[in-house]
Amino acid sequence: MNTYHAAPWSSSLSPDDNRYNTITVSRDNPGKVLFNWNSHVSLTLPSSYSDLIGGLCGNWNGQRNDNLLKPDRSPANTPTVFGDSWKVGNDPGCSSNCDGKKCPTCDNSLMLDYQTGKYCGRITDKNGPFKYCHAKVDPREYYEDCVFDMCMYRGHASALCNALSTYTTACQDAPAKVQQWRSDSFCLSSCKTNSPYEVCASGCVIRKFR
């Protein structure tokens, strides 16, 4: 019987990672966790961990239809049951039943609006800023997540910006070219003084002077 393996991670923050607003948690092997301190987390593990892990990121066995497994490896009937089974502790505000209130839903007219090129349709637009990425990273899952988040957050701009940023990260990791999609009036990225934002830029050149 297979059991889940807990990797003995040790954490450290590399100065180089500050460029990406990312923390790297690593051990002696290539395994790492990347988190943008906001809405996106990615996990990279050696192939030896395939089908030996479990959790919200799935079991990584190449089969997408059996990822909703609870800690006891029994299948969850719904995504809500799956997520709740992996909850750690009883954090205030972290509930699967909407705290006794009616869980938020999305009006069909709003959902159709969020699917357009004004919002999440930017991700799947064949002539949009992600067009060079589609062949390497399937946009459908990111598009569907974007629409869902926009519905749950009632169209809040941060939900859209986070969704586009998440797909940008996946594309650049592929790697695939992403064209400029932020602007002064749309998903403006805050930069330090004398530091302009670009979706992709060359690294800093260190010059030595005598």
# chains A, B, ... in the order shown; residues from 1 in each chain; ligands from 1
$ select_by_dssp --residues "region 111-171 of chain A" --states "alpha helix (DSSP H)" --output "count of residues only"
36
$ residues_around --residues "region 67-78 of chain A" --least-positions-apart "3" --cutoff "12 Å" --atoms "only C-alpha atoms" --output "NGL selection string"
:A and (1-5 or 51-64 or 81-88 or 96)
$ write_last_selection --atoms "N, CA, C and O atoms" --output "CSV table (one decimal), in the first residue's frame"
chain,number,residue,atom,x,y,z
A,1,MET,N,0.8,-1.2,0.0
A,1,MET,CA,0.0,0.0,0.0
A,1,MET,C,0.9,1.3,0.0
A,1,MET,O,1.8,1.4,0.8
A,2,ASN,N,0.6,2.2,-0.9
A,2,ASN,CA,1.4,3.4,-1.0
A,2,ASN,C,1.0,4.4,0.1
A,2,ASN,O,-0.2,4.4,0.5
A,3,THR,N,1.9,5.1,0.6
A,3,THR,CA,1.6,6.1,1.6
A,3,THR,C,2.2,7.4,1.1
A,3,THR,O,3.2,7.4,0.4
A,4,TYR,N,1.7,8.5,1.6
A,4,TYR,CA,2.2,9.8,1.2
A,4,TYR,C,3.5,10.1,1.9
A,4,TYR,O,3.7,9.7,3.1
A,5,HIS,N,4.4,10.7,1.2
A,5,HIS,CA,5.7,11.0,1.8
A,5,HIS,C,5.8,12.5,2.1
A,5,HIS,O,5.5,13.3,1.2
A,51,ASP,N,3.4,9.9,-7.9
A,51,ASP,CA,2.4,9.0,-7.3
A,51,ASP,C,2.7,8.7,-5.8
A,51,ASP,O,2.1,7.8,-5.2
A,52,LEU,N,3.6,9.5,-5.2
A,52,LEU,CA,3.9,9.3,-3.8
A,52,LEU,C,3.5,10.5,-2.9
A,52,LEU,O,3.8,10.5,-1.8
A,53,ILE,N,2.9,11.4,-3.6
A,53,ILE,CA,2.5,12.7,-2.9
A,53,ILE,C,1.0,12.8,-2.9
A,53,ILE,O,0.3,12.2,-3.7
A,54,GLY,N,0.5,13.8,-2.1
A,54,GLY,CA,-0.9,14.0,-2.1
A,54,GLY,C,-1.2,15.4,-1.6
A,54,GLY,O,-0.3,16.0,-1.0
A,55,GLY,N,-2.4,15.9,-1.9
A,55,GLY,CA,-2.7,17.3,-1.4
A,55,GLY,C,-3.4,18.1,-2.5
A,55,GLY,O,-3.9,17.5,-3.5
A,56,LEU,N,-3.5,19.4,-2.3
A,56,LEU,CA,-4.2,20.2,-3.2
A,56,LEU,C,-3.6,20.3,-4.6
A,56,LEU,O,-4.3,20.7,-5.5
A,57,CYS,N,-2.3,19.9,-4.7
A,57,CYS,CA,-1.7,19.9,-6.0
A,57,CYS,C,-1.8,18.6,-6.7
A,57,CYS,O,-1.3,18.4,-7.8
A,58,GLY,N,-2.5,17.6,-6.1
A,58,GLY,CA,-2.7,16.3,-6.8
A,58,GLY,C,-1.7,15.3,-6.4
A,58,GLY,O,-0.8,15.6,-5.5
A,59,ASN,N,-1.7,14.2,-7.1
A,59,ASN,CA,-0.7,13.1,-6.7
A,59,ASN,C,0.4,13.0,-7.8
A,59,ASN,O,1.3,12.1,-7.6
A,60,TRP,N,0.3,13.7,-8.8
A,60,TRP,CA,1.4,13.8,-9.9
A,60,TRP,C,1.7,12.4,-10.4
A,60,TRP,O,2.8,12.0,-10.4
A,61,ASN,N,0.7,11.7,-10.8
A,61,ASN,CA,0.9,10.4,-11.5
A,61,ASN,C,0.6,10.4,-13.0
A,61,ASN,O,0.5,9.4,-13.6
A,62,GLY,N,0.3,11.6,-13.5
A,62,GLY,CA,0.0,11.7,-14.9
A,62,GLY,C,-1.5,11.5,-15.3
A,62,GLY,O,-1.9,11.7,-16.4
A,63,GLN,N,-2.3,11.1,-14.3
A,63,GLN,CA,-3.7,10.9,-14.5
A,63,GLN,C,-4.5,12.0,-13.9
A,63,GLN,O,-4.6,12.1,-12.6
A,64,ARG,N,-5.2,12.8,-14.7
A,64,ARG,CA,-5.9,14.0,-14.1
A,64,ARG,C,-7.2,13.7,-13.5
A,64,ARG,O,-7.8,14.5,-12.8
A,81,VAL,N,-15.4,19.0,-0.8
A,81,VAL,CA,-15.1,17.9,0.1
A,81,VAL,C,-13.6,17.7,0.1
A,81,VAL,O,-12.9,17.5,1.1
A,82,PHE,N,-13.0,17.7,-1.1
A,82,PHE,CA,-11.6,17.5,-1.3
A,82,PHE,C,-10.8,18.5,-0.6
A,82,PHE,O,-9.8,18.2,0.2
A,83,GLY,N,-11.1,19.8,-0.8
A,83,GLY,CA,-10.4,20.9,-0.2
A,83,GLY,C,-10.5,20.9,1.3
A,83,GLY,O,-9.5,21.1,2.0
A,84,ASP,N,-11.7,20.6,1.8
A,84,ASP,CA,-11.9,20.6,3.2
A,84,ASP,C,-11.2,19.5,3.9
A,84,ASP,O,-10.7,19.6,5.1
A,85,SER,N,-11.0,18.3,3.2
A,85,SER,CA,-10.3,17.2,3.8
A,85,SER,C,-8.8,17.5,4.1
A,85,SER,O,-8.2,16.9,5.0
A,86,TRP,N,-8.2,18.5,3.4
A,86,TRP,CA,-6.8,18.8,3.5
A,86,TRP,C,-6.6,20.0,4.4
A,86,TRP,O,-5.5,20.5,4.6
A,87,LYS,N,-7.7,20.6,5.0
A,87,LYS,CA,-7.6,21.7,5.8
A,87,LYS,C,-6.8,21.4,7.1
A,87,LYS,O,-7.0,20.4,7.7
A,88,VAL,N,-5.9,22.3,7.4
A,88,VAL,CA,-5.1,22.1,8.6
A,88,VAL,C,-5.6,23.0,9.7
A,88,VAL,O,-5.6,24.3,9.6
A,96,SER,N,-15.9,25.5,4.8
A,96,SER,CA,-16.4,25.0,3.6
A,96,SER,C,-17.9,25.1,3.5
A,96,SER,O,-18.5,24.8,2.4
$ atom_distance --atom1 "CA of Thr124 (chain A)" --atom2 "CA of Tyr143 (chain A)"
6.9 Å
$ select_by_dssp --residues "region 30-201 of chain A" --states "strand (DSSP E)" --output "PyMOL selection string"
chain A and resi 32-35+41-44
$ write_last_selection --atoms "N, CA, C and O atoms" --output "tab-separated table (two decimals), in the first residue's frame"
chain	number	residue	atom	x	y	z
A	32	LYS	N	11.44	22.24	-5.10
A	32	LYS	CA	11.26	23.62	-4.63
A	32	LYS	C	9.79	24.02	-4.69
A	32	LYS	O	9.00	23.48	-5.45
A	33	VAL	N	9.44	24.98	-3.85
A	33	VAL	CA	8.10	25.58	-3.84
A	33	VAL	C	8.27	27.07	-4.10
A	33	VAL	O	9.08	27.73	-3.47
A	34	LEU	N	7.50	27.57	-5.06
A	34	LEU	CA	7.55	28.99	-5.39
A	34	LEU	C	6.21	29.63	-5.03
A	34	LEU	O	5.16	29.11	-5.39
A	35	PHE	N	6.26	30.76	-4.33
A	35	PHE	CA	5.05	31.46	-3.91
A	35	PHE	C	5.24	32.94	-4.15
A	35	PHE	O	6.28	33.50	-3.80
A	41	VAL	N	0.99	29.63	-6.27
A	41	VAL	CA	2.02	28.76	-5.71
A	41	VAL	C	2.27	27.62	-6.69
A	41	VAL	O	1.35	27.13	-7.35
A	42	SER	N	3.53	27.25	-6.85
A	42	SER	CA	3.86	26.12	-7.72
A	42	SER	C	4.84	25.22	-6.99
A	42	SER	O	5.68	25.67	-6.20
A	43	LEU	N	4.73	23.94	-7.26
A	43	LEU	CA	5.56	22.93	-6.61
A	43	LEU	C	6.31	22.13	-7.66
A	43	LEU	O	5.72	21.64	-8.62
A	44	THR	N	7.62	22.02	-7.49
A	44	THR	CA	8.45	21.23	-8.39
A	44	THR	C	9.17	20.16	-7.58
A	44	THR	O	9.82	20.48	-6.58
$ closest_residue --among "A:Gly155, A:Asp66, A:Lys177, A:Ser190" --to "Tyr132 (chain A)" --atoms "only C-alpha atoms"
A:Lys177
$ atom_distance --atom1 "CA of Tyr142 (chain A)" --atom2 "CA of Ala163 (chain A)"
7.1 Å
$ decode --residues "region 37-157 of chain A" --atoms "C-alpha atoms" --output "compact mmCIF listing (two decimals), in the first residue's frame"
# COMPACT_ATOMS: atom_id res chain seq x y z
CA TRP A 37 3.15 36.16 -1.69
CA ASN A 38 -0.26 36.76 -3.19
CA SER A 39 -2.21 34.20 -5.18
CA HIS A 40 0.05 31.73 -6.99
CA VAL A 41 2.02 28.76 -5.71
CA SER A 42 3.86 26.12 -7.72
CA LEU A 43 5.56 22.93 -6.61
CA THR A 44 8.45 21.23 -8.39
CA LEU A 45 9.66 17.79 -7.30
CA PRO A 46 12.02 15.12 -8.67
CA SER A 47 10.32 12.37 -10.70
CA SER A 48 10.99 9.91 -7.88
CA TYR A 49 8.07 11.51 -6.01
CA SER A 50 5.56 10.64 -8.76
CA ASP A 51 2.42 9.03 -7.29
CA LEU A 52 3.91 9.27 -3.77
CA ILE A 53 2.52 12.66 -2.86
CA GLY A 54 -0.94 14.04 -2.13
CA GLY A 55 -2.70 17.28 -1.41
CA LEU A 56 -4.21 20.24 -3.20
CA CYS A 57 -1.67 19.92 -6.02
CA GLY A 58 -2.73 16.35 -6.78
CA ASN A 59 -0.71 13.12 -6.74
CA TRP A 60 1.38 13.77 -9.85
CA ASN A 61 0.90 10.38 -11.48
CA GLY A 62 -0.02 11.75 -14.90
CA GLN A 63 -3.72 10.90 -14.50
CA ARG A 64 -5.87 14.01 -14.14
CA ASN A 65 -9.01 12.08 -13.22
CA ASP A 66 -7.80 10.85 -9.82
CA ASN A 67 -6.34 13.99 -8.26
CA LEU A 68 -9.24 14.59 -5.85
CA LEU A 69 -7.98 12.14 -3.24
CA LYS A 70 -8.35 12.78 0.48
CA PRO A 71 -5.51 12.15 2.95
CA ASP A 72 -6.69 8.54 3.39
CA ARG A 73 -6.47 8.16 -0.43
CA SER A 74 -10.24 7.71 -0.78
CA PRO A 75 -11.82 9.79 -3.60
CA ALA A 76 -13.68 12.97 -2.70
CA ASN A 77 -17.16 13.37 -4.18
CA THR A 78 -16.77 17.10 -4.80
CA PRO A 79 -13.95 19.66 -4.97
CA THR A 80 -15.34 21.22 -1.77
CA VAL A 81 -15.07 17.94 0.14
CA PHE A 82 -11.58 17.46 -1.30
CA GLY A 83 -10.36 20.88 -0.21
CA ASP A 84 -11.93 20.59 3.23
CA SER A 85 -10.26 17.21 3.82
CA TRP A 86 -6.82 18.81 3.54
CA LYS A 87 -7.58 21.74 5.81
CA VAL A 88 -5.10 22.12 8.64
CA GLY A 89 -6.58 23.29 11.94
CA ASN A 90 -9.67 25.44 12.30
CA ASP A 91 -8.55 28.86 11.13
CA PRO A 92 -11.18 31.59 11.58
CA GLY A 93 -12.84 32.39 8.28
CA CYS A 94 -11.66 29.17 6.64
CA SER A 95 -14.89 27.25 6.23
CA SER A 96 -16.40 24.95 3.61
CA ASN A 97 -20.01 25.83 4.43
CA CYS A 98 -19.92 29.62 3.92
CA ASP A 99 -20.38 30.09 7.68
CA GLY A 100 -24.04 29.13 7.48
CA LYS A 101 -24.75 31.75 4.83
CA LYS A 102 -25.75 31.17 1.24
CA CYS A 103 -22.62 30.42 -0.76
CA PRO A 104 -21.91 32.98 -3.51
CA THR A 105 -23.09 32.18 -7.00
CA CYS A 106 -22.55 33.89 -10.33
CA ASP A 107 -25.33 35.25 -12.48
CA ASN A 108 -25.18 33.82 -16.00
CA SER A 109 -25.06 37.27 -17.58
CA LEU A 110 -22.08 38.22 -15.44
CA MET A 111 -20.31 34.95 -16.25
CA LEU A 112 -20.74 35.61 -19.97
CA ASP A 113 -19.32 39.09 -19.48
CA TYR A 114 -16.27 37.79 -17.60
CA GLN A 115 -15.59 35.37 -20.45
CA THR A 116 -15.13 38.19 -22.96
CA GLY A 117 -11.90 39.76 -24.13
CA LYS A 118 -12.43 42.62 -21.71
CA TYR A 119 -11.77 40.22 -18.86
CA CYS A 120 -10.68 36.55 -18.83
CA GLY A 121 -10.96 36.21 -22.59
CA ARG A 122 -7.56 37.91 -22.74
CA ILE A 123 -6.05 34.56 -21.74
CA THR A 124 -7.51 32.60 -24.67
CA ASP A 125 -7.44 35.39 -27.27
CA LYS A 126 -5.58 33.96 -30.28
CA ASN A 127 -4.36 37.45 -31.13
CA GLY A 128 -3.82 38.58 -27.55
CA PRO A 129 -0.73 38.99 -25.37
CA PHE A 130 -0.55 35.24 -24.63
CA LYS A 131 -0.88 33.97 -28.21
CA TYR A 132 2.69 32.63 -28.31
CA CYS A 133 2.10 30.66 -25.13
CA HIS A 134 -1.00 28.67 -26.08
CA ALA A 135 0.98 25.94 -27.83
CA LYS A 136 3.11 25.33 -24.73
CA VAL A 137 0.68 25.95 -21.86
CA ASP A 138 -2.99 25.08 -22.36
CA PRO A 139 -4.91 28.27 -21.47
CA ARG A 140 -8.27 26.61 -20.81
CA GLU A 141 -7.71 25.76 -17.14
CA TYR A 142 -6.34 29.24 -16.41
CA TYR A 143 -9.25 30.80 -18.27
CA GLU A 144 -11.81 28.76 -16.32
CA ASP A 145 -10.12 29.60 -13.01
CA CYS A 146 -10.15 33.27 -13.99
CA VAL A 147 -13.89 33.25 -14.72
CA PHE A 148 -14.61 31.43 -11.46
CA ASP A 149 -12.54 33.88 -9.39
CA MET A 150 -14.09 36.87 -11.12
CA CYS A 151 -17.53 35.49 -10.27
CA MET A 152 -16.68 34.82 -6.65
CA TYR A 153 -15.05 38.24 -6.19
CA ARG A 154 -17.84 40.02 -8.06
CA GLY A 155 -15.54 41.29 -10.79
CA HIS A 156 -12.91 42.80 -8.49
CA ALA A 157 -9.91 43.95 -10.51
